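**Student:** I am sharing upload.txt, which consists of compact mmCIF, C-alpha atoms:
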```
# COMPACT_ATOMS: atom_id res chain seq x y z
CA MET F 1 68.49 -5.78 -4.04
CA PRO F 2 71.28 -8.36 -3.77
CA LYS F 3 72.39 -9.97 -7.04
CA VAL F 4 73.21 -13.68 -7.19
CA SER F 5 75.13 -15.58 -9.83
CA VAL F 6 72.88 -17.80 -11.98
CA PRO F 7 73.44 -20.13 -14.92
CA TYR F 8 72.83 -18.16 -18.11
CA THR F 9 69.94 -20.52 -18.97
CA GLU F 10 68.11 -20.04 -15.67
CA PHE F 11 65.94 -17.16 -16.90
CA PHE F 12 65.87 -18.11 -20.59
CA ALA F 13 62.07 -18.17 -20.97
CA PRO F 14 61.31 -14.91 -19.14
CA THR F 15 64.25 -13.17 -20.87
CA MET F 16 62.94 -14.14 -24.30
CA GLN F 17 59.38 -13.22 -23.30
CA ARG F 18 60.43 -9.78 -22.02
CA MET F 19 62.41 -9.21 -25.24
CA CYS F 20 59.31 -9.98 -27.32
CA ASP F 21 57.03 -7.90 -25.10
CA GLU F 22 58.69 -4.64 -24.05
CA GLY F 23 62.28 -5.33 -25.07
CA LEU F 24 65.54 -5.78 -23.21
CA LEU F 25 68.03 -3.04 -22.38
CA LEU F 26 71.41 -3.30 -24.07
CA VAL F 27 74.08 -1.15 -22.42
CA THR F 28 77.31 -0.08 -24.08
CA ALA F 29 80.06 2.32 -23.12
CA GLY F 30 82.54 3.89 -25.50
CA ARG F 31 86.20 4.63 -24.90
CA ASP F 32 85.18 7.65 -22.80
CA GLY F 33 83.33 5.32 -20.40
CA LYS F 34 79.98 7.11 -20.78
CA PRO F 35 77.22 4.50 -20.87
CA ASN F 36 74.34 4.39 -23.32
CA VAL F 37 71.24 2.24 -23.13
CA MET F 38 69.04 1.11 -26.01
CA THR F 39 66.05 -1.16 -26.21
CA ILE F 40 66.45 -4.33 -28.24
CA GLY F 41 63.55 -6.45 -29.43
CA TRP F 42 65.56 -8.90 -31.51
CA GLY F 43 68.25 -11.23 -30.26
CA MET F 44 69.04 -14.80 -29.30
CA LEU F 45 70.31 -16.49 -26.20
CA GLY F 46 71.99 -19.86 -26.58
CA SER F 47 75.16 -21.79 -27.20
CA ILE F 48 77.52 -21.22 -30.13
CA TRP F 49 81.11 -22.48 -30.42
CA ALA F 50 80.69 -24.33 -27.11
CA ARG F 51 80.14 -20.98 -25.38
CA PRO F 52 77.09 -19.29 -23.86
CA VAL F 53 76.22 -16.45 -26.24
CA PHE F 54 73.81 -13.56 -26.49
CA LEU F 55 73.37 -12.52 -30.12
CA ALA F 56 72.34 -8.85 -30.34
CA LEU F 57 71.32 -7.09 -33.55
CA VAL F 58 72.21 -3.39 -33.85
CA ARG F 59 71.71 -1.13 -36.86
CA PRO F 60 74.62 1.09 -38.03
CA SER F 61 72.41 4.17 -37.61
CA ARG F 62 72.16 3.58 -33.83
CA HIS F 63 74.44 5.35 -31.37
CA SER F 64 75.07 2.01 -29.65
CA TYR F 65 76.59 0.70 -32.88
CA SER F 66 79.40 3.26 -32.78
CA LEU F 67 80.04 2.46 -29.10
CA LEU F 68 80.15 -1.29 -29.78
CA GLU F 69 82.72 -0.61 -32.48
CA GLN F 70 84.87 1.29 -29.95
CA VAL F 71 84.63 -1.18 -27.04
CA SER F 72 83.42 -4.64 -27.87
CA ASP F 73 81.54 -5.57 -24.75
CA PHE F 74 77.99 -4.98 -23.64
CA THR F 75 75.42 -5.98 -21.07
CA VAL F 76 71.87 -7.15 -21.62
CA ASN F 77 69.45 -6.30 -18.82
CA VAL F 78 65.92 -7.56 -18.19
CA LEU F 79 63.45 -5.02 -16.84
CA PRO F 80 60.76 -6.01 -14.37
CA PRO F 81 57.21 -5.60 -15.75
CA GLU F 82 56.51 -2.49 -13.68
CA LEU F 83 59.23 -0.57 -15.59
CA SER F 84 58.08 -1.45 -19.11
CA GLU F 85 57.60 2.22 -20.01
CA VAL F 86 61.36 2.69 -19.63
CA ALA F 87 61.93 0.36 -22.59
CA ALA F 88 59.63 2.50 -24.72
CA LEU F 89 61.64 5.66 -24.01
CA CYS F 90 65.02 3.96 -24.44
CA GLY F 91 63.88 2.65 -27.82
CA SER F 92 62.52 5.96 -29.11
CA VAL F 93 65.33 8.49 -28.57
CA SER F 94 69.01 8.46 -29.44
CA GLY F 95 71.87 8.53 -26.96
CA ARG F 96 73.56 11.03 -29.27
CA GLU F 97 71.11 13.70 -28.10
CA HIS F 98 69.74 12.26 -24.85
CA ASP F 99 71.16 10.95 -21.60
CA LYS F 100 68.70 8.11 -21.27
CA PHE F 101 70.03 7.09 -17.86
CA GLN F 102 69.22 10.54 -16.49
CA GLU F 103 65.88 10.83 -18.28
CA THR F 104 64.64 7.43 -17.09
CA LYS F 105 66.27 7.63 -13.65
CA LEU F 106 68.02 4.31 -14.31
CA THR F 107 71.22 3.63 -12.38
CA ALA F 108 74.35 2.40 -14.15
CA VAL F 109 76.48 0.27 -11.82
CA PRO F 110 79.77 -1.45 -12.62
CA ALA F 111 79.53 -4.90 -14.11
CA HIS F 112 81.63 -7.74 -12.71
CA GLU F 113 83.62 -8.71 -15.83
CA VAL F 114 83.07 -6.18 -18.62
CA ARG F 115 83.47 -2.44 -19.05
CA ALA F 116 79.83 -1.69 -19.91
CA PRO F 117 77.72 -1.28 -16.76
CA ILE F 118 74.55 -3.10 -15.76
CA ILE F 119 71.32 -1.39 -14.74
CA ARG F 120 70.54 -1.65 -11.02
CA GLU F 121 66.76 -1.53 -11.51
CA CYS F 122 66.77 -4.56 -13.82
CA VAL F 123 66.31 -8.06 -12.44
CA VAL F 124 68.47 -10.23 -14.72
CA HIS F 125 71.85 -9.32 -16.26
CA TYR F 126 74.08 -10.85 -18.91
CA GLU F 127 77.63 -9.53 -19.32
CA CYS F 128 78.98 -10.13 -22.81
CA ARG F 129 82.28 -9.85 -24.72
CA THR F 130 81.99 -9.74 -28.49
CA VAL F 131 83.65 -12.77 -30.07
CA GLU F 132 82.32 -12.20 -33.59
CA ARG F 133 80.39 -9.61 -35.55
CA VAL F 134 78.71 -10.21 -38.87
CA ASP F 135 76.78 -7.87 -41.16
CA LEU F 136 73.52 -9.11 -42.62
CA ASP F 137 73.99 -9.82 -46.32
CA ALA F 138 71.22 -8.05 -48.24
CA ASN F 139 71.97 -10.20 -51.29
CA VAL F 140 70.90 -13.44 -49.62
CA LEU F 141 68.29 -12.18 -47.14
CA ALA F 142 64.75 -13.27 -48.00
CA GLN F 143 62.92 -10.59 -49.99
CA SER F 144 59.93 -10.76 -47.64
CA ILE F 145 62.19 -9.84 -44.69
CA LYS F 146 63.94 -7.05 -46.62
CA GLY F 147 60.59 -5.64 -47.70
CA GLN F 148 59.16 -5.68 -44.21
CA PHE F 149 62.12 -4.60 -42.07
CA TYR F 150 64.73 -2.99 -44.34
CA LYS F 151 62.85 -0.73 -46.76
CA ASN F 152 65.48 1.96 -46.20
CA GLY F 153 68.51 -0.31 -45.91
CA ASP F 154 70.28 0.10 -42.55
CA PHE F 155 70.88 -3.65 -42.24
CA HIS F 156 71.78 -4.90 -38.77
CA ARG F 157 75.19 -5.99 -37.60
CA LEU F 158 75.01 -9.13 -35.46
CA TYR F 159 77.14 -9.04 -32.32
CA PHE F 160 77.91 -12.47 -30.88
CA GLY F 161 78.58 -11.74 -27.22
CA GLU F 162 80.07 -14.52 -25.14
CA ILE F 163 78.26 -14.40 -21.80
CA VAL F 164 81.05 -14.10 -19.24
CA ALA F 165 78.76 -13.50 -16.24
CA SER F 166 75.05 -13.82 -15.55
CA TYR F 167 73.24 -12.92 -12.39
CA ALA F 168 69.87 -11.81 -11.09
CA ASP F 169 68.04 -10.35 -8.13
CA ASP F 170 67.55 -13.03 -5.52
CA ASN F 171 63.78 -12.64 -6.03
CA ALA F 172 63.90 -12.40 -9.85
CA SER F 173 61.53 -15.34 -10.40
CA SER F 174 58.73 -13.66 -8.51
CA ARG F 175 59.32 -10.28 -10.19
CA LEU F 176 59.25 -11.51 -13.78
CA SER F 177 56.03 -12.06 -15.62
CA THR F 178 55.63 -14.65 -18.38
CA GLN F 179 52.55 -13.07 -19.96
CA MET F 180 52.18 -13.59 -23.68
CA GLY F 181 53.63 -10.65 -25.62
CA ARG F 182 52.90 -8.57 -28.65
CA GLY F 183 56.29 -8.89 -30.41
CA GLY F 184 58.66 -6.05 -31.22
CA GLN F 185 60.36 -4.40 -34.11
CA PRO F 186 63.67 -2.73 -33.30
```
In structure tokens, what does this structure look like?

**Tutor:**
Amino acid sequence: MPKVSVPYTEFFAPTMQRMCDEGLLLVTAGRDGKPNVMTIGWGMLGSIWARPVFLALVRPSRHSYSLLEQVSDFTVNVLPPELSEVAALCGSVSGREHDKFQETKLTAVPAHEVRAPIIRECVVHYECRTVERVDLDANVLAQSIKGQFYKNGDFHRLYFGEIVASYADDNASSRLSTQMGRGGQP
């Protein structure tokens, strides 16, 4: 399917909906170039510092965290509804022990501007370069959030990725569903 350049805001609503429903696929690649994919259910798409930014949250225990620390770029990929089961697998096993691309039959293809690849089977893609990273501060985080999401610690690092390219399948609008979601917990 041909990919066409789009403004990063063009698929804002379906991107956020897919993140809340099944999750989005964050792809990283370490210094060795081997890609890893993980499902993310938390993030933000918007404008910070007069730049388009995707804010991704990744826990230090995740394999993707170590890759993001090696090479500070990533891609965020939006699955079409018919591949929602892929997000479940990519969010339930670690890239340390599994080749999730092989197991899901996803295809990593070179991105336009960053080292991390995109996923051919996805319909919307955001290429990001990390411009800032911040660790959540457990001392100021609301107790209700800590109690619900951080019982064992493992507080997220926030990666502010400047979106340097965004593109989609030329029929992305018709392939994306905007059904109400169930919400996710990464």

**Student:** Need the neighbours of (71.1, -7.9, -40.7): which residues are at most 7 Å away, counting all atoms listed in the file, as a PyMOL selection string?

**Tutor:** chain F and resi 135-137+155-158

**Student:** With all atoms listed in the file as the counted atoms, please give the residues lying no more than 12 Å from Trp42 in chain F, apart from itself and same-chain residues fewer than 2 positions off, as a PyMOL selection string.

**Tutor:** chain F and resi 15-26+38-40+44-45+54-59+76+149+156-159+183-186

**Student:** Check the smallest atom-to-atom distance from each of F:Asp32, F:Glu132, F:Val27, F:Leu89 to Val109 in chain F using all atoms listed in the file, then report the winner.

**Tutor:**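 That would be F:Val27, the residue with the smallest distance to Val109 in chain F.
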
**Student:** Could you check which of F:Val164, F:Ile145, F:Ala172, F:Val37 is closest to Thr107 in chain F, using only C-alpha atoms?

**Tutor:**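 Of the candidates, the smallest distance to Thr107 in chain F is held by F:Val37.
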
**Student:** Which residue is closest to Ala13 in chain F? Choose from F:Gly161, F:Gly30, F:Gly46, F:Gly153 and count all atoms listed in the file.

**Tutor:**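 Between F:Gly161, F:Gly30, F:Gly46, F:Gly153, the residue approaching Ala13 in chain F most closely is F:Gly46.
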
**Student:** From the set F:Ile118, F:Asn152, F:Ser47, F:Thr104, which residue has the shortest atom-to-atom contact distance to Phe12 in chain F, counting all atoms listed in the file?

**Tutor:** F:Ser47

**Student:** Under the rule that only C-alpha atoms are counted, which of F:Gly91, F:Gly33, F:Pro81, F:Gly147 is the nearest residue to Cys122 in chain F?

**Tutor:** F:Pro81

**Student:** Please compute the CA of Asp73 in chain F-CA of Val124 in chain F distance, one decimal, in Å.

**Tutor:**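 The value is 17.1 Å.
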
**Student:** Between CA of Arg120 in chain F and CA of Phe101 in chain F, what is the spacing in Å?

**Tutor:** 11.1 Å

**Student:** Using all atoms listed in the file, which of F:Gly95, F:Pro2, F:Gly43, F:Pro7 sits nearest His63 in chain F?

**Tutor:**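 That would be F:Gly95, the residue with the smallest distance to His63 in chain F.
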
**Student:** Report, in Å to a single decimal, how far apart CA of Ile119 in chain F and CA of Tyr8 in chain F are.

**Tutor:**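 Going from CA of Tyr8 in chain F over to CA of Ile119 in chain F covers 17.2 Å.
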